[in-house]
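Chemist: What follows is a single structure, and I will ask about it in a moment.
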Amino acid sequence: MNFDLSADDQAFADSVRRFARDRLAAGALERAHSPQFPWDCARQLAAQGLLGIAFPEADGGQGGSLLHAVLAIQEIALVCPKSADIVQAGNFGPIRTFVEYASQDQKDRFLGDLLAGRKLIALGMSEPDAGSAVTELKTSARIEGDEVVINGSKVFSTNSPDADLFLVYVRFGPGVGGIGSVLVERGAPGFQLGEPSAFMSGETWCQLYFEDCRIPVGNILLGEGGFKKQISGFNVERLGNSSRALALGRHAFNLAREHALVRRQFGQALCEFQGIQWKFAEMKLKLESAQLLLYKAALEGEQGLPSAQSTALAKLACNQAAWEVANEALQVMGGTGYSQEALVEYCVRRIRGWMIAGGSLEILKNRIAEGVFERRFGQRPRTAA
């Protein structure tokens, strides 16, 4: 079994690395701490063909592989962590679900701007009373003639302050079978964004409010019975989360390694101390182990959608490895790592959020256990017969 990248994959990774160093290295620190979405970088990444990498060419994508999308996130993040968010948003998450299930009319109306880096799509899934238990969502949708009327609210919507299009999970009817999704454009009648709230990472999000919000019937992405399709596509989303987390862990590792080579204490470089050496050995082991699980899940996706088991294992491994490595890298760098003059503290804050988003570590462990025992474990209280 060969664990090296193929010649094609390696050439792709090398080309992305060169682009990142030439075009994105300057200003990476300032970009990370800016509250503004880097639209200039989005357009550069689009022009380089790094949005829609694994989407069909007929849809305006590059016709590449999921592994190429993972490699692109990793190479960009090693130079400019903030720009890796754009690559993720242009390949995974709601845009991936959109490309998978949108009608040709919907693609004609929205996809061109999304893949050109001119507009963003955000996900409206979590609600005040429906987080990990997403099937408990209450946001309703009813069809009236040629319109859909939506009522409810959503929270924790990444990129919502800057998005022009929202993929919103809604309830057309009772039960899991009644859940589907719609496309809501910014400015739709009855749709409002709340005041921005800040995450620990420095990102902001807005609550989404729908009060008799009216959209065309043509904006239904998946009607009743669409939930299982939507959630199966969510497995691919976890690869984007895993890729960014692991890449930022490696970014912090690289910064700490350079620091340990040049920083001197007690008459010698930090890397001369055995305690520091052991830290780096353990960090390297965690990064490389998680990397293999990530590649395995990405390659599995070349034959269709990757399984829930593979993506849960990859996300759990990448989230935990990235967090432990970045946190240890910060410790190695001391006050320098804790300062916003270096990107290590930024990596720590960003990674911590990805351990919650896209499936918390606890939910991932539930999914993995179900694979081990080959059965479902319901998390809701049992009711009397």
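Labels for the structure tokens follow display order: chains A, B, ..., residues from 1 in each chain, ligands from 1.
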Using only C-alpha atoms, determine which residues lie at most 8 Å from Ser310 of chain A, disregarding the query and same-chain residues fewer than 4 positions distant; provide the list as a VMD selection string.

Modeler: chain A and resid 293 296 to 297 306 314

Chemist: Restricting the output to N, CA and C atoms, write the selected residues as a PDB file, in the first residue's frame.

Modeler:
```
ATOM      1  N   LEU A 293      -6.212   9.382   8.225  1.00  0.00           N
ATOM      2  CA  LEU A 293      -7.667   9.186   8.296  1.00  0.00           C
ATOM      3  C   LEU A 293      -8.401  10.183   7.398  1.00  0.00           C
ATOM      4  N   LYS A 296      -7.952   9.011   3.798  1.00  0.00           N
ATOM      5  CA  LYS A 296      -8.766   7.808   3.587  1.00  0.00           C
ATOM      6  C   LYS A 296     -10.220   8.182   3.302  1.00  0.00           C
ATOM      7  N   ALA A 297     -10.777   9.104   4.099  1.00  0.00           N
ATOM      8  CA  ALA A 297     -12.159   9.529   3.896  1.00  0.00           C
ATOM      9  C   ALA A 297     -12.318  10.264   2.575  1.00  0.00           C
ATOM     10  N   PRO A 306     -18.542   9.952   0.855  1.00  0.00           N
ATOM     11  CA  PRO A 306     -17.872   9.159   1.889  1.00  0.00           C
ATOM     12  C   PRO A 306     -18.848   8.753   2.973  1.00  0.00           C
ATOM     13  N   ALA A 314     -12.441  10.729  10.744  1.00  0.00           N
ATOM     14  CA  ALA A 314     -11.502  11.746  10.275  1.00  0.00           C
ATOM     15  C   ALA A 314     -11.677  13.053  11.038  1.00  0.00           C
TER      16      ALA A 314
END
```

Chemist: If you run DSSP on the backbone here, which positions in segment 216-326 of chain A get strand (DSSP E)? Please write them as a VMD selection string.

Modeler: chain A and resid 216 220 to 222 264 to 265 268 to 269

Chemist: Fewer than 2 positions away in the same chain doesn't count, so skip those; otherwise give me all residues within 8 Å of Ile73 of chain A, counting only C-alpha atoms, as a list in words.

Modeler: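 Once the adjacent positions are removed, what remains is Ala69, Val70, Leu71, Glu75, Ile76, Ala77, Ala84, Asp85, Val87, Gln88, Gly240, Ser243, Arg244 and Ala247 of chain A.
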
Chemist: Residues near Leu66 of chain A, anyone? I mean within 10 Å using only C-alpha atoms, not counting same-chain ones fewer than 5 positions away, as a list of chain:residue names.

Modeler: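 Here the qualifying residues turn out to be A:Ile53, A:Ala54, A:Phe55, A:Leu71, A:Ala72, A:Asn91, A:Phe92, A:Val236, A:Leu239, A:Gly240, A:Tyr295, A:Ala297, A:Ala298, A:Leu299, A:Glu300, A:Gly301, A:Glu302, A:Leu305, A:Pro306.
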
Chemist: Take the residues from that selection and write them out as a CSV table (one decimal), in the first residue's frame, keeping N, CA and C atoms.

Modeler:
```csv
chain,number,residue,atom,x,y,z
A,53,ILE,N,-13.7,23.0,-6.9
A,53,ILE,CA,-12.6,22.0,-7.4
A,53,ILE,C,-13.2,20.7,-7.8
A,54,ALA,N,-14.1,20.1,-6.9
A,54,ALA,CA,-14.6,18.8,-7.2
A,54,ALA,C,-16.0,18.8,-7.8
A,55,PHE,N,-16.4,20.0,-8.3
A,55,PHE,CA,-17.7,20.1,-8.9
A,55,PHE,C,-17.6,19.7,-10.4
A,71,LEU,N,-6.5,19.0,-0.4
A,71,LEU,CA,-5.1,19.5,-0.5
A,71,LEU,C,-5.0,21.0,-0.7
A,72,ALA,N,-6.0,21.6,-1.4
A,72,ALA,CA,-6.0,23.0,-1.6
A,72,ALA,C,-6.2,23.7,-0.3
A,91,ASN,N,-16.0,25.0,-1.7
A,91,ASN,CA,-16.0,23.6,-2.0
A,91,ASN,C,-16.8,22.7,-1.1
A,92,PHE,N,-17.0,23.1,0.1
A,92,PHE,CA,-17.7,22.3,1.1
A,92,PHE,C,-18.9,23.0,1.7
A,236,VAL,N,-19.7,15.2,3.6
A,236,VAL,CA,-18.6,15.8,2.8
A,236,VAL,C,-18.2,17.1,3.5
A,239,LEU,N,-15.4,16.9,5.9
A,239,LEU,CA,-14.0,16.8,5.3
A,239,LEU,C,-13.4,18.2,5.3
A,240,GLY,N,-14.3,19.2,4.9
A,240,GLY,CA,-13.8,20.6,4.9
A,240,GLY,C,-13.4,21.1,6.3
A,295,TYR,N,-7.2,11.6,4.6
A,295,TYR,CA,-7.0,11.1,3.2
A,295,TYR,C,-7.8,9.9,2.9
A,297,ALA,N,-10.8,9.1,4.1
A,297,ALA,CA,-12.2,9.5,3.9
A,297,ALA,C,-12.3,10.3,2.6
A,298,ALA,N,-11.3,11.1,2.2
A,298,ALA,CA,-11.4,11.9,1.0
A,298,ALA,C,-11.4,10.9,-0.2
A,299,LEU,N,-10.5,9.9,-0.2
A,299,LEU,CA,-10.4,9.0,-1.3
A,299,LEU,C,-11.6,8.1,-1.4
A,300,GLU,N,-12.2,7.8,-0.3
A,300,GLU,CA,-13.5,7.0,-0.3
A,300,GLU,C,-14.6,7.8,-1.0
A,301,GLY,N,-14.5,9.1,-0.9
A,301,GLY,CA,-15.5,10.0,-1.6
A,301,GLY,C,-15.3,10.0,-3.1
A,302,GLU,N,-14.2,9.5,-3.6
A,302,GLU,CA,-14.1,9.5,-5.1
A,302,GLU,C,-15.1,8.5,-5.7
A,305,LEU,N,-20.3,9.5,-2.2
A,305,LEU,CA,-20.2,10.3,-0.9
A,305,LEU,C,-19.5,9.4,0.1
A,306,PRO,N,-18.5,10.0,0.9
A,306,PRO,CA,-17.9,9.2,1.9
A,306,PRO,C,-18.8,8.8,3.0
```

Chemist: With 6 Å as the cut-off and only C-alpha atoms counted, what is the closest atom pair between each nearby residue of segment 67-138 of chain A and segment 162-176 of chain A? Distances in Å to one decimal, ordered by chain and number, as a Markdown table.

Modeler:
```
| residue | atom | partner | partner_atom | distance |
| --- | --- | --- | --- | --- |
| A:Leu120 | CA | A:Ala163 | CA | 4.6 |
| A:Ile121 | CA | A:Leu165 | CA | 4.7 |
| A:Ala122 | CA | A:Phe166 | CA | 4.8 |
| A:Leu123 | CA | A:Leu167 | CA | 5.0 |
| A:Gly124 | CA | A:Val168 | CA | 4.4 |
| A:Met125 | CA | A:Tyr169 | CA | 5.3 |
```

Chemist: Go ahead and compute the interatomic distance for atom CA of Ile368 of chain A and atom CA of Gln309 of chain A, in Å to one decimal.

Modeler: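 Distance reported for this atom pair: 5.8 Å.
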
Chemist: Excluding Phe227 of chain A and its own-chain neighbours fewer than 5 positions away, which residues fall within 9 Å of it when counting only C-alpha atoms? Please give them as number ranges by chain.

Modeler: A: 135, 169, 176-181, 222, 232

Chemist: Which one is closest to Phe12 of chain A: A:Gly90, A:Gly371, A:Gly64, A:Gly249? Count only C-alpha atoms.

Modeler: A:Gly64

Chemist: For Arg250 of chain A, find every residue with an atom within 8 Å (counting only C-alpha atoms), except residues of its own chain fewer than 4 positions away, and show them as a PyMOL selection string.

Modeler: chain A and resi 78+246+254+287+322+325-326

Chemist: Could you please take those selected residues and save N, CA and C atoms as a compact mmCIF listing (two decimals), in the first residue's frame?

Modeler:
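Output below, filename result.txt:
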```txt
# COMPACT_ATOMS: atom_id res chain seq x y z
N LEU A 78 -1.57 26.70 5.23
CA LEU A 78 -0.18 26.73 5.71
C LEU A 78 0.48 28.07 5.43
N LEU A 246 -6.92 20.51 10.77
CA LEU A 246 -5.60 19.87 10.75
C LEU A 246 -4.56 20.80 10.15
N ASN A 254 4.44 24.37 12.61
CA ASN A 254 5.56 24.94 11.84
C ASN A 254 6.12 26.20 12.49
N LEU A 287 -0.37 14.64 14.19
CA LEU A 287 -0.67 15.23 12.89
C LEU A 287 -0.67 14.17 11.78
N ALA A 322 -5.45 18.56 15.98
CA ALA A 322 -5.19 19.98 15.72
C ALA A 322 -5.21 20.79 17.00
N VAL A 325 -2.16 19.90 19.23
CA VAL A 325 -0.91 20.39 18.65
C VAL A 325 -0.83 21.91 18.73
N ALA A 326 -1.90 22.60 18.34
CA ALA A 326 -1.87 24.07 18.37
C ALA A 326 -1.70 24.59 19.79
```

Chemist: Looking at only C-alpha atoms, which of A:Lys279, A:Lys119, A:Arg109, A:Arg214 is the one that sits closest to Val149 of chain A?

Modeler: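 Going through A:Lys279, A:Lys119, A:Arg109, A:Arg214 one by one, the smallest distance to Val149 of chain A is for A:Arg214.
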
Chemist: Please list as a PyMOL selection string every residue within 8 Å of Asn241 of chain A, counting only C-alpha atoms and excluding residues in the same chain fewer than 6 positions away.

Modeler: chain A and resi 88+315+354+358
